[in-house]
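Everything below belongs to target03.pdb, which stores PDB, C-alpha atoms.
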ATOM      1  CA  MET A  11     -89.304 -58.754  57.553
ATOM      2  CA  SER A  12     -89.003 -55.094  56.623
ATOM      3  CA  PRO A  13     -90.178 -52.633  59.273
ATOM      4  CA  VAL A  14     -93.467 -50.876  58.773
ATOM      5  CA  LEU A  15     -93.219 -47.395  57.302
ATOM      6  CA  VAL A  16     -95.435 -44.877  59.093
ATOM      7  CA  LEU A  17     -95.891 -41.661  57.133
ATOM      8  CA  VAL A  18     -96.855 -38.682  59.288
ATOM      9  CA  ALA A  19     -98.581 -35.769  57.586
ATOM     10  CA  HIS A  20     -99.629 -32.578  59.332
ATOM     11  CA  GLY A  21    -103.339 -32.900  58.623
ATOM     12  CA  SER A  22    -105.917 -30.417  57.402
ATOM     13  CA  ARG A  23    -109.650 -29.768  57.352
ATOM     14  CA  ASP A  24    -109.329 -29.341  53.594
ATOM     15  CA  PRO A  25    -110.208 -32.699  51.958
ATOM     16  CA  ARG A  26    -107.669 -32.052  49.199
ATOM     17  CA  PHE A  27    -104.870 -32.552  51.716
ATOM     18  CA  GLY A  28    -105.991 -36.037  52.706
ATOM     19  CA  ALA A  29    -106.476 -37.020  49.063
ATOM     20  CA  THR A  30    -102.943 -35.879  48.232
ATOM     21  CA  ALA A  31    -101.443 -37.626  51.251
ATOM     22  CA  ARG A  32    -103.140 -40.860  50.203
ATOM     23  CA  ARG A  33    -101.736 -40.549  46.681
ATOM     24  CA  VAL A  34     -98.269 -40.099  48.172
ATOM     25  CA  ARG A  35     -98.743 -43.166  50.379
ATOM     26  CA  ASP A  36     -99.915 -45.272  47.429
ATOM     27  CA  ALA A  37     -96.972 -44.154  45.277
ATOM     28  CA  VAL A  38     -94.506 -44.988  48.062
ATOM     29  CA  ALA A  39     -96.078 -48.426  48.525
ATOM     30  CA  VAL A  40     -95.532 -49.158  44.832
ATOM     31  CA  ARG A  41     -91.856 -48.187  45.143
ATOM     32  CA  LEU A  42     -91.366 -50.294  48.294
ATOM     33  CA  PRO A  43     -92.873 -53.703  47.524
ATOM     34  CA  GLY A  44     -93.089 -55.886  50.595
ATOM     35  CA  VAL A  45     -93.197 -52.918  52.971
ATOM     36  CA  GLU A  46     -96.400 -52.014  54.791
ATOM     37  CA  VAL A  47     -96.939 -48.273  54.358
ATOM     38  CA  VAL A  48     -99.321 -46.630  56.818
ATOM     39  CA  LEU A  49    -100.509 -43.028  56.608
ATOM     40  CA  SER A  50    -101.161 -41.046  59.795
ATOM     41  CA  TYR A  51    -101.628 -37.435  60.854
ATOM     42  CA  LEU A  52    -100.522 -35.097  63.605
ATOM     43  CA  ASP A  53    -103.862 -33.284  63.780
ATOM     44  CA  LEU A  54    -107.179 -32.580  62.052
ATOM     45  CA  ASP A  55    -107.290 -35.890  60.127
ATOM     46  CA  GLU A  56    -107.509 -39.540  61.057
ATOM     47  CA  PRO A  57    -105.892 -41.809  61.978
ATOM     48  CA  LEU A  58    -103.717 -39.814  64.355
ATOM     49  CA  VAL A  59    -100.115 -40.956  64.542
ATOM     50  CA  GLY A  60    -100.373 -41.802  68.254
ATOM     51  CA  GLU A  61    -103.248 -44.187  67.545
ATOM     52  CA  VAL A  62    -101.337 -45.852  64.720
ATOM     53  CA  LEU A  63     -98.225 -46.333  66.845
ATOM     54  CA  ALA A  64    -100.185 -47.643  69.827
ATOM     55  CA  THR A  65    -102.229 -50.046  67.704
ATOM     56  CA  GLY A  66     -99.154 -51.640  66.203
ATOM     57  CA  SER A  67     -97.199 -51.935  69.451
ATOM     58  CA  GLU A  68     -98.119 -55.552  70.077
ATOM     59  CA  THR A  69     -96.924 -56.950  66.754
ATOM     60  CA  GLY A  70     -93.778 -56.890  64.651
ATOM     61  CA  ASP A  71     -90.707 -54.716  64.789
ATOM     62  CA  ASP A  72     -90.872 -51.068  65.695
ATOM     63  CA  PRO A  73     -91.651 -48.925  62.646
ATOM     64  CA  VAL A  74     -89.745 -46.289  60.756
ATOM     65  CA  VAL A  75     -91.566 -42.955  61.061
ATOM     66  CA  VAL A  76     -91.120 -40.490  58.192
ATOM     67  CA  PRO A  77     -92.561 -36.982  58.698
ATOM     68  CA  LEU A  78     -94.165 -35.599  55.522
ATOM     69  CA  LEU A  79     -92.976 -32.132  56.498
ATOM     70  CA  LEU A  80     -90.943 -29.762  54.362
ATOM     71  CA  SER A  81     -89.050 -28.036  57.170
ATOM     72  CA  ALA A  82     -87.918 -29.128  60.607
ATOM     73  CA  GLY A  83     -89.899 -26.924  62.962
ATOM     74  CA  TYR A  84     -91.901 -27.537  66.135
ATOM     75  CA  HIS A  85     -93.757 -30.608  64.866
ATOM     76  CA  HIS A  86     -90.549 -32.418  63.951
ATOM     77  CA  LYS A  87     -88.465 -31.369  66.951
ATOM     78  CA  ILE A  88     -91.023 -31.396  69.783
ATOM     79  CA  ASP A  89     -94.477 -32.659  68.888
ATOM     80  CA  LEU A  90     -93.735 -35.897  67.014
ATOM     81  CA  PRO A  91     -90.873 -37.078  69.293
ATOM     82  CA  ALA A  92     -93.182 -36.688  72.294
ATOM     83  CA  ILE A  93     -95.890 -38.761  70.605
ATOM     84  CA  ILE A  94     -93.391 -41.469  69.696
ATOM     85  CA  ALA A  95     -91.964 -41.501  73.234
ATOM     86  CA  GLU A  96     -95.448 -42.008  74.638
ATOM     87  CA  HIS A  97     -96.747 -44.647  72.244
ATOM     88  CA  ARG A  98     -93.766 -46.418  70.625
ATOM     89  CA  PRO A  99     -90.485 -45.283  72.173
ATOM     90  CA  PHE A 100     -88.276 -47.513  70.007
ATOM     91  CA  ALA A 101     -89.741 -46.369  66.693
ATOM     92  CA  GLN A 102     -87.161 -44.624  64.537
ATOM     93  CA  GLN A 103     -88.034 -41.095  63.420
ATOM     94  CA  THR A 104     -86.239 -39.918  60.289
ATOM     95  CA  ASP A 105     -85.500 -36.413  59.087
ATOM     96  CA  VAL A 106     -88.338 -34.496  57.459
ATOM     97  CA  ILE A 107     -88.747 -35.088  53.737
ATOM     98  CA  GLY A 108     -87.714 -31.473  53.116
ATOM     99  CA  THR A 109     -84.111 -32.370  53.909
ATOM    100  CA  ARG A 110     -84.126 -33.834  50.403
ATOM    101  CA  SER A 111     -83.865 -31.215  47.695
ATOM    102  CA  PHE A 112     -87.052 -30.852  45.671
ATOM    103  CA  THR A 113     -85.671 -28.099  43.471
ATOM    104  CA  ALA A 114     -86.226 -30.070  40.273
ATOM    105  CA  ALA A 115     -89.734 -30.979  41.421
ATOM    106  CA  LEU A 116     -90.600 -27.325  42.069
ATOM    107  CA  ALA A 117     -89.209 -26.432  38.646
ATOM    108  CA  ASP A 118     -91.253 -29.209  37.028
ATOM    109  CA  ARG A 119     -94.458 -27.895  38.574
ATOM    110  CA  LEU A 120     -93.675 -24.380  37.326
ATOM    111  CA  LEU A 121     -92.906 -25.625  33.832
ATOM    112  CA  GLU A 122     -96.082 -27.709  33.802
ATOM    113  CA  ALA A 123     -98.018 -24.532  34.615
ATOM    114  CA  GLY A 124     -96.379 -22.650  31.725
ATOM    115  CA  LEU A 125     -93.356 -20.823  33.164
ATOM    116  CA  HIS A 126     -91.824 -18.343  30.724
ATOM    117  CA  GLU A 127     -88.308 -16.993  30.443
ATOM    118  CA  ARG A 128     -89.248 -13.534  31.748
ATOM    119  CA  ASP A 129     -91.224 -14.730  34.778
ATOM    120  CA  GLY A 130     -90.121 -13.949  38.318
ATOM    121  CA  VAL A 131     -90.968 -16.518  40.982
ATOM    122  CA  ILE A 132     -92.410 -16.308  44.475
ATOM    123  CA  LEU A 133     -91.707 -19.412  46.534
ATOM    124  CA  SER A 134     -94.479 -19.694  49.106
ATOM    125  CA  ALA A 135     -94.214 -21.800  52.256
ATOM    126  CA  VAL A 136     -96.139 -22.075  55.515
ATOM    127  CA  GLY A 137     -93.810 -20.112  57.793
ATOM    128  CA  SER A 138     -92.714 -21.148  61.255
ATOM    129  CA  SER A 139     -91.995 -19.732  64.685
ATOM    130  CA  ASP A 140     -88.714 -21.654  64.388
ATOM    131  CA  GLU A 141     -86.316 -19.376  62.506
ATOM    132  CA  SER A 142     -84.186 -22.317  61.390
ATOM    133  CA  ALA A 143     -87.214 -23.714  59.555
ATOM    134  CA  ASP A 144     -87.698 -20.412  57.742
ATOM    135  CA  ARG A 145     -83.996 -20.287  56.872
ATOM    136  CA  HIS A 146     -84.385 -23.714  55.322
ATOM    137  CA  VAL A 147     -87.077 -22.351  52.995
ATOM    138  CA  ARG A 148     -84.884 -19.400  52.027
ATOM    139  CA  ARG A 149     -82.085 -21.816  51.112
ATOM    140  CA  ARG A 150     -84.528 -23.694  48.902
ATOM    141  CA  ALA A 151     -85.405 -20.401  47.187
ATOM    142  CA  ILE A 152     -81.727 -19.786  46.441
ATOM    143  CA  GLU A 153     -81.433 -23.297  44.999
ATOM    144  CA  LEU A 154     -84.514 -22.764  42.839
ATOM    145  CA  SER A 155     -83.216 -19.406  41.641
ATOM    146  CA  THR A 156     -79.903 -20.988  40.648
ATOM    147  CA  TYR A 157     -81.675 -23.888  38.927
ATOM    148  CA  LEU A 158     -84.021 -21.649  36.926
ATOM    149  CA  HIS A 159     -81.553 -18.801  36.348
ATOM    150  CA  ARG A 160     -84.077 -16.217  37.516
ATOM    151  CA  PRO A 161     -84.953 -14.316  40.702
ATOM    152  CA  VAL A 162     -86.957 -16.095  43.406
ATOM    153  CA  GLU A 163     -88.513 -14.334  46.398
ATOM    154  CA  VAL A 164     -89.903 -16.051  49.519
ATOM    155  CA  VAL A 165     -93.323 -15.381  51.012
ATOM    156  CA  PHE A 166     -94.585 -17.174  54.117
ATOM    157  CA  ALA A 167     -98.329 -17.740  54.027
ATOM    158  CA  THR A 168     -98.716 -17.239  57.772
ATOM    159  CA  LYS A 169     -96.651 -14.033  57.733
ATOM    160  CA  LEU A 170     -98.194 -11.902  54.994
ATOM    161  CA  GLY A 171     -98.354  -8.803  57.189
ATOM    162  CA  SER A 172    -100.744  -5.864  57.125
ATOM    163  CA  GLY A 173    -102.202  -5.307  53.676
ATOM    164  CA  ASN A 174    -100.346  -8.394  52.407
ATOM    165  CA  ARG A 175     -97.110  -6.424  52.695
ATOM    166  CA  ALA A 176     -94.900  -9.473  52.205
ATOM    167  CA  VAL A 177     -96.444 -10.260  48.827
ATOM    168  CA  ALA A 178     -96.302  -6.612  47.730
ATOM    169  CA  THR A 179     -92.602  -6.439  48.627
ATOM    170  CA  ALA A 180     -91.835  -9.648  46.737
ATOM    171  CA  VAL A 181     -93.673  -8.417  43.638
ATOM    172  CA  ARG A 182     -91.888  -5.066  43.765
ATOM    173  CA  ARG A 183     -88.468  -6.720  44.003
ATOM    174  CA  LEU A 184     -89.195  -9.064  41.121
ATOM    175  CA  ARG A 185     -90.467  -6.215  38.946
ATOM    176  CA  ALA A 186     -87.336  -4.216  39.764
ATOM    177  CA  VAL A 187     -85.126  -6.904  38.236
ATOM    178  CA  GLY A 188     -87.212  -7.210  35.082
ATOM    179  CA  ALA A 189     -89.883  -9.821  35.788
ATOM    180  CA  GLU A 190     -92.763  -9.361  33.347
ATOM    181  CA  ARG A 191     -95.031 -11.862  35.076
ATOM    182  CA  ILE A 192     -95.112 -13.268  38.598
ATOM    183  CA  ALA A 193     -95.251 -17.036  39.084
ATOM    184  CA  LEU A 194     -96.238 -18.603  42.395
ATOM    185  CA  SER A 195     -94.377 -21.777  43.373
ATOM    186  CA  PRO A 196     -96.038 -23.484  46.375
ATOM    187  CA  TYR A 197     -93.545 -25.251  48.629
ATOM    188  CA  PHE A 198     -96.423 -27.331  49.934
ATOM    189  CA  LEU A 199     -97.319 -30.994  49.678
ATOM    190  CA  SER A 200    -100.962 -30.270  48.831
ATOM    191  CA  ALA A 201    -103.318 -27.605  47.622
ATOM    192  CA  GLY A 202    -105.098 -25.793  50.429
ATOM    193  CA  LEU A 203    -106.256 -22.566  51.992
ATOM    194  CA  LEU A 204    -102.755 -21.260  52.726
ATOM    195  CA  ILE A 205    -101.751 -21.446  49.080
ATOM    196  CA  GLU A 206    -105.007 -19.778  48.116
ATOM    197  CA  ARG A 207    -104.363 -16.994  50.624
ATOM    198  CA  VAL A 208    -101.105 -16.102  48.902
ATOM    199  CA  GLU A 209    -102.654 -16.547  45.457
ATOM    200  CA  SER A 210    -105.482 -14.135  46.291
ATOM    201  CA  ALA A 211    -103.025 -11.551  47.577
ATOM    202  CA  LEU A 212    -100.931 -11.924  44.449
ATOM    203  CA  ASP A 213    -103.951 -11.572  42.159
ATOM    204  CA  ALA A 214    -104.798  -8.273  43.847
ATOM    205  CA  LEU A 215    -101.300  -6.932  43.221
ATOM    206  CA  ALA A 216    -100.410  -8.186  39.737
ATOM    207  CA  ASP A 217    -102.454  -8.196  36.549
ATOM    208  CA  GLU A 218    -101.011 -11.405  35.146
ATOM    209  CA  THR A 219     -99.897 -14.303  37.328
ATOM    210  CA  LEU A 220     -99.063 -17.977  37.075
ATOM    211  CA  VAL A 221     -99.714 -20.505  39.830
ATOM    212  CA  ALA A 222     -97.898 -23.839  39.841
ATOM    213  CA  GLY A 223     -99.260 -26.958  41.460
ATOM    214  CA  PRO A 224     -98.027 -28.210  44.848
ATOM    215  CA  LEU A 225     -95.414 -30.935  45.078
ATOM    216  CA  GLY A 226     -97.911 -33.735  45.668
ATOM    217  CA  ALA A 227     -96.789 -37.207  44.616
ATOM    218  CA  HIS A 228     -93.983 -35.961  42.380
ATOM    219  CA  PRO A 229     -91.465 -38.764  41.752
ATOM    220  CA  ASP A 230     -88.759 -36.818  43.615
ATOM    221  CA  VAL A 231     -90.988 -36.609  46.698
ATOM    222  CA  VAL A 232     -91.738 -40.316  46.536
ATOM    223  CA  GLU A 233     -88.071 -41.208  46.077
ATOM    224  CA  GLY A 234     -87.115 -38.859  48.918
ATOM    225  CA  ILE A 235     -89.451 -40.705  51.261
ATOM    226  CA  CYS A 236     -88.189 -44.086  50.102
ATOM    227  CA  GLY A 237     -84.597 -42.972  50.570
ATOM    228  CA  LEU A 238     -85.224 -41.880  54.141
ATOM    229  CA  TYR A 239     -86.924 -45.197  54.878
ATOM    230  CA  ARG A 240     -84.195 -47.317  53.304
ATOM    231  CA  THR A 241     -81.455 -45.468  55.185
ATOM    232  CA  ALA A 242     -83.267 -45.892  58.513
ATOM    233  CA  ALA A 243     -84.061 -49.559  57.906
ATOM    234  CA  GLN A 244     -80.482 -50.315  56.853
ATOM    235  CA  ARG A 245     -79.053 -48.490  59.872
ATOM    236  CA  ARG A 246     -81.265 -50.510  62.190
ATOM    237  CA  THR A 247     -80.224 -53.753  60.520
ATOM    238  CA  VAL A 248     -76.531 -52.872  60.998
ATOM    239  CA  ILE A 249     -77.077 -51.966  64.641
ATOM    240  CA  ALA A 250     -78.945 -55.222  65.235
ATOM    241  CA  GLY A 251     -76.155 -57.156  63.539
ATOM    242  CA  ARG A 252     -78.477 -58.757  61.062
TER
END
Produce structure tokens that represent the structure in this file.
Amino acid sequence: MSPVLVLVAHGSRDPRFGATARRVRDAVAVRLPGVEVVLSYLDLDEPLVGEVLATGSETGDDPVVVPLLLSAGYHHKIDLPAIIAEHRPFAQQTDVIGTRSFTAALADRLLEAGLHERDGVILSAVGSSDESADRHVRRRAIELSTYLHRPVEVVFATKLGSGNRAVATAVRRLRAVGAERIALSPYFLSAGLLIERVESALDALADETLVAGPLGAHPDVVEGICGLYRTAAQRRTVIAGR
């Protein structure tokens, strides 16, 4: 039998996050017939991943754990491995889904929102105390800029600075290279307060703006998750000699 796939989302008090995470889970289950797909959370939502791992420890093979995170910061490197070690030490944790490029997905969301040729783009992400996670986001901005053939600036929602200085700087740079309108591209799985924080700051600084939707259950996100699962499941089968 195929191992269970445990999806691990961050969690949020905003009900939109849970609704989006459930849509992602359902879409993944459709793409992986015969695989049990279980959604869990690190915090703020239920069921918590530790409870899911502990509950399933008496039956079946150890699961494949896929973090629904867009950069590999504290939660991926420290938090989740500790939870797995405590509750299901032989579960296999994959890379975060953000190791897969979602450049086309980000572009799709911008185009769906009405991106124009003369728009400059702000790519907004959470921001991390782990500099490597922030560098990852900046690389994604470069990829998006290359894909769209237009400038892309990065703003971290948790690092806006006094007077929303980070947003003001991004807008100024985009205007300096000819952007007539500023488009916000959320590098987030779901809508939520952090996106709205950046959106509000942008609205106060620019007369005309465009806000794209979050990644959500975009086909590229779903396929990225499935790819991580298939690779992990195949690797385990090879190791087991089956």
Point-to-point distance in Å for atom CA of A:Ala135 and atom CA of A:Ala222: 13.1 Å
Selection under test: the PyMOL selection byres ((chain A and resi 196-208) around 10); residues as a ChimeraX atom specification: /A:19,22-31,34,78-80,108,112-113,115-116,119-120,132-136,147,150-151,164-168,170,174,176-177,193-195,209-213,221-228,231
Take the residues just selected and output them with C-alpha atoms as a PDB file, in the coordinates of the input.
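And here is the file that came out, selection.pdb:
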ATOM      1  CA  ALA A  19     -98.581 -35.769  57.586  1.00  0.00           C
ATOM      2  CA  SER A  22    -105.917 -30.417  57.402  1.00  0.00           C
ATOM      3  CA  ARG A  23    -109.650 -29.768  57.352  1.00  0.00           C
ATOM      4  CA  ASP A  24    -109.329 -29.341  53.594  1.00  0.00           C
ATOM      5  CA  PRO A  25    -110.208 -32.699  51.958  1.00  0.00           C
ATOM      6  CA  ARG A  26    -107.669 -32.052  49.199  1.00  0.00           C
ATOM      7  CA  PHE A  27    -104.870 -32.552  51.716  1.00  0.00           C
ATOM      8  CA  GLY A  28    -105.991 -36.037  52.706  1.00  0.00           C
ATOM      9  CA  ALA A  29    -106.476 -37.020  49.063  1.00  0.00           C
ATOM     10  CA  THR A  30    -102.943 -35.879  48.232  1.00  0.00           C
ATOM     11  CA  ALA A  31    -101.443 -37.626  51.251  1.00  0.00           C
ATOM     12  CA  VAL A  34     -98.269 -40.099  48.172  1.00  0.00           C
ATOM     13  CA  LEU A  78     -94.165 -35.599  55.522  1.00  0.00           C
ATOM     14  CA  LEU A  79     -92.976 -32.132  56.498  1.00  0.00           C
ATOM     15  CA  LEU A  80     -90.943 -29.762  54.362  1.00  0.00           C
ATOM     16  CA  GLY A 108     -87.714 -31.473  53.116  1.00  0.00           C
ATOM     17  CA  PHE A 112     -87.052 -30.852  45.671  1.00  0.00           C
ATOM     18  CA  THR A 113     -85.671 -28.099  43.471  1.00  0.00           C
ATOM     19  CA  ALA A 115     -89.734 -30.979  41.421  1.00  0.00           C
ATOM     20  CA  LEU A 116     -90.600 -27.325  42.069  1.00  0.00           C
ATOM     21  CA  ARG A 119     -94.458 -27.895  38.574  1.00  0.00           C
ATOM     22  CA  LEU A 120     -93.675 -24.380  37.326  1.00  0.00           C
ATOM     23  CA  ILE A 132     -92.410 -16.308  44.475  1.00  0.00           C
ATOM     24  CA  LEU A 133     -91.707 -19.412  46.534  1.00  0.00           C
ATOM     25  CA  SER A 134     -94.479 -19.694  49.106  1.00  0.00           C
ATOM     26  CA  ALA A 135     -94.214 -21.800  52.256  1.00  0.00           C
ATOM     27  CA  VAL A 136     -96.139 -22.075  55.515  1.00  0.00           C
ATOM     28  CA  VAL A 147     -87.077 -22.351  52.995  1.00  0.00           C
ATOM     29  CA  ARG A 150     -84.528 -23.694  48.902  1.00  0.00           C
ATOM     30  CA  ALA A 151     -85.405 -20.401  47.187  1.00  0.00           C
ATOM     31  CA  VAL A 164     -89.903 -16.051  49.519  1.00  0.00           C
ATOM     32  CA  VAL A 165     -93.323 -15.381  51.012  1.00  0.00           C
ATOM     33  CA  PHE A 166     -94.585 -17.174  54.117  1.00  0.00           C
ATOM     34  CA  ALA A 167     -98.329 -17.740  54.027  1.00  0.00           C
ATOM     35  CA  THR A 168     -98.716 -17.239  57.772  1.00  0.00           C
ATOM     36  CA  LEU A 170     -98.194 -11.902  54.994  1.00  0.00           C
ATOM     37  CA  ASN A 174    -100.346  -8.394  52.407  1.00  0.00           C
ATOM     38  CA  ALA A 176     -94.900  -9.473  52.205  1.00  0.00           C
ATOM     39  CA  VAL A 177     -96.444 -10.260  48.827  1.00  0.00           C
ATOM     40  CA  ALA A 193     -95.251 -17.036  39.084  1.00  0.00           C
ATOM     41  CA  LEU A 194     -96.238 -18.603  42.395  1.00  0.00           C
ATOM     42  CA  SER A 195     -94.377 -21.777  43.373  1.00  0.00           C
ATOM     43  CA  GLU A 209    -102.654 -16.547  45.457  1.00  0.00           C
ATOM     44  CA  SER A 210    -105.482 -14.135  46.291  1.00  0.00           C
ATOM     45  CA  ALA A 211    -103.025 -11.551  47.577  1.00  0.00           C
ATOM     46  CA  LEU A 212    -100.931 -11.924  44.449  1.00  0.00           C
ATOM     47  CA  ASP A 213    -103.951 -11.572  42.159  1.00  0.00           C
ATOM     48  CA  VAL A 221     -99.714 -20.505  39.830  1.00  0.00           C
ATOM     49  CA  ALA A 222     -97.898 -23.839  39.841  1.00  0.00           C
ATOM     50  CA  GLY A 223     -99.260 -26.958  41.460  1.00  0.00           C
ATOM     51  CA  PRO A 224     -98.027 -28.210  44.848  1.00  0.00           C
ATOM     52  CA  LEU A 225     -95.414 -30.935  45.078  1.00  0.00           C
ATOM     53  CA  GLY A 226     -97.911 -33.735  45.668  1.00  0.00           C
ATOM     54  CA  ALA A 227     -96.789 -37.207  44.616  1.00  0.00           C
ATOM     55  CA  HIS A 228     -93.983 -35.961  42.380  1.00  0.00           C
ATOM     56  CA  VAL A 231     -90.988 -36.609  46.698  1.00  0.00           C
TER      57      VAL A 231
END
Atomic separation - atom CA of A:Met11 relative to atom CA of A:Arg32, Å: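 Interatomic distance, atom CA of A:Arg32 to atom CA of A:Met11: 23.8 Å.
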Separation of atom CA of A:Arg185 from atom CA of A:Arg149, in Å and rounded to one decimal: 21.5 Å
For A:Gly21, the nearest of the candidates A:Asp53, A:Glu46, A:Asp36, A:Asp129, counting only C-alpha atoms: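 Distance minimum relative to A:Gly21 lands on A:Asp53.
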Counting all atoms listed in the file, the residue of A:Val181, A:Val38, A:Asp71, A:Val232 that sits nearest A:Ser12: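 So, comparing all the options, the nearest one is A:Asp71.
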Once the PyMOL selection byres ((chain A and resi 126) around 12) has been evaluated on this model, what residues remain selected, and can you format them as a compact mmCIF listing (two decimals) with C-alpha atoms, in the coordinates of the input?
# COMPACT_ATOMS: atom_id res chain seq x y z
CA ALA A 117 -89.21 -26.43 38.65
CA LEU A 120 -93.68 -24.38 37.33
CA LEU A 121 -92.91 -25.62 33.83
CA GLU A 122 -96.08 -27.71 33.80
CA ALA A 123 -98.02 -24.53 34.62
CA GLY A 124 -96.38 -22.65 31.72
CA LEU A 125 -93.36 -20.82 33.16
CA GLU A 127 -88.31 -16.99 30.44
CA ARG A 128 -89.25 -13.53 31.75
CA ASP A 129 -91.22 -14.73 34.78
CA GLY A 130 -90.12 -13.95 38.32
CA VAL A 131 -90.97 -16.52 40.98
CA LEU A 158 -84.02 -21.65 36.93
CA HIS A 159 -81.55 -18.80 36.35
CA ARG A 160 -84.08 -16.22 37.52
CA ALA A 189 -89.88 -9.82 35.79
CA GLU A 190 -92.76 -9.36 33.35
CA ARG A 191 -95.03 -11.86 35.08
CA ILE A 192 -95.11 -13.27 38.60
CA ALA A 193 -95.25 -17.04 39.08
CA THR A 219 -99.90 -14.30 37.33
CA LEU A 220 -99.06 -17.98 37.08
Nearest candidate to A:Arg240 (options A:Val62, A:Val74, A:Val47, A:Leu154; using all atoms listed in the file):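 Counting all atoms listed in the file, the residue closest to A:Arg240 is A:Val74.
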Residues returned when the PyMOL selection byres ((chain A and resi 100) around 12) runs on this file, as a PyMOL selection string: chain A and resi 63-64+67+71-75+91+93-99+101-103+246
Grab the residues selected above and save them as an mmCIF file, in the frame of the given file with C-alpha atoms.
data_model
loop_
_atom_site.group_PDB
_atom_site.id
_atom_site.type_symbol
_atom_site.label_atom_id
_atom_site.label_comp_id
_atom_site.auth_asym_id
_atom_site.auth_seq_id
_atom_site.Cartn_x
_atom_site.Cartn_y
_atom_site.Cartn_z
ATOM 1 C CA LEU A 63 -98.225 -46.333 66.845
ATOM 2 C CA ALA A 64 -100.185 -47.643 69.827
ATOM 3 C CA SER A 67 -97.199 -51.935 69.451
ATOM 4 C CA ASP A 71 -90.707 -54.716 64.789
ATOM 5 C CA ASP A 72 -90.872 -51.068 65.695
ATOM 6 C CA PRO A 73 -91.651 -48.925 62.646
ATOM 7 C CA VAL A 74 -89.745 -46.289 60.756
ATOM 8 C CA VAL A 75 -91.566 -42.955 61.061
ATOM 9 C CA PRO A 91 -90.873 -37.078 69.293
ATOM 10 C CA ILE A 93 -95.890 -38.761 70.605
ATOM 11 C CA ILE A 94 -93.391 -41.469 69.696
ATOM 12 C CA ALA A 95 -91.964 -41.501 73.234
ATOM 13 C CA GLU A 96 -95.448 -42.008 74.638
ATOM 14 C CA HIS A 97 -96.747 -44.647 72.244
ATOM 15 C CA ARG A 98 -93.766 -46.418 70.625
ATOM 16 C CA PRO A 99 -90.485 -45.283 72.173
ATOM 17 C CA ALA A 101 -89.741 -46.369 66.693
ATOM 18 C CA GLN A 102 -87.161 -44.624 64.537
ATOM 19 C CA GLN A 103 -88.034 -41.095 63.420
ATOM 20 C CA ARG A 246 -81.265 -50.510 62.190
#
Long-range neighbours of A:Ile235 as a ChimeraX atom specification, 10 Å cut-off, only C-alpha atoms, 2 positions minimum in chain: /A:15,17,34-35,38,41,76-78,104-108,110,229-233,237-240
Counting all atoms listed in the file, the option among A:Cys236, A:Leu54, A:Gly83, A:Arg148 closest to A:Glu163: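 Selected residue with least distance to A:Glu163: A:Arg148.
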Need the axis-aligned box for stretch 220-238 of chain A with 8 Å each side, so what are the centre and edges in Å to one decimal, as AutoDock Vina command-line options?
--center_x -92.2 --center_y -31.0 --center_z 45.6 --size_x 31.1 --size_y 42.1 --size_z 33.1
Nearest to A:Ser111 by atom-to-atom distance, counting only C-alpha atoms, from A:Ser81, A:Pro43, A:Ala37, A:Gly188: A:Ser81
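With distances restricted to all atoms listed in the file, A:Val18 is the closest residue to A:Pro57 from A:Val162, A:Ala92, A:Val18, A:Ala186.
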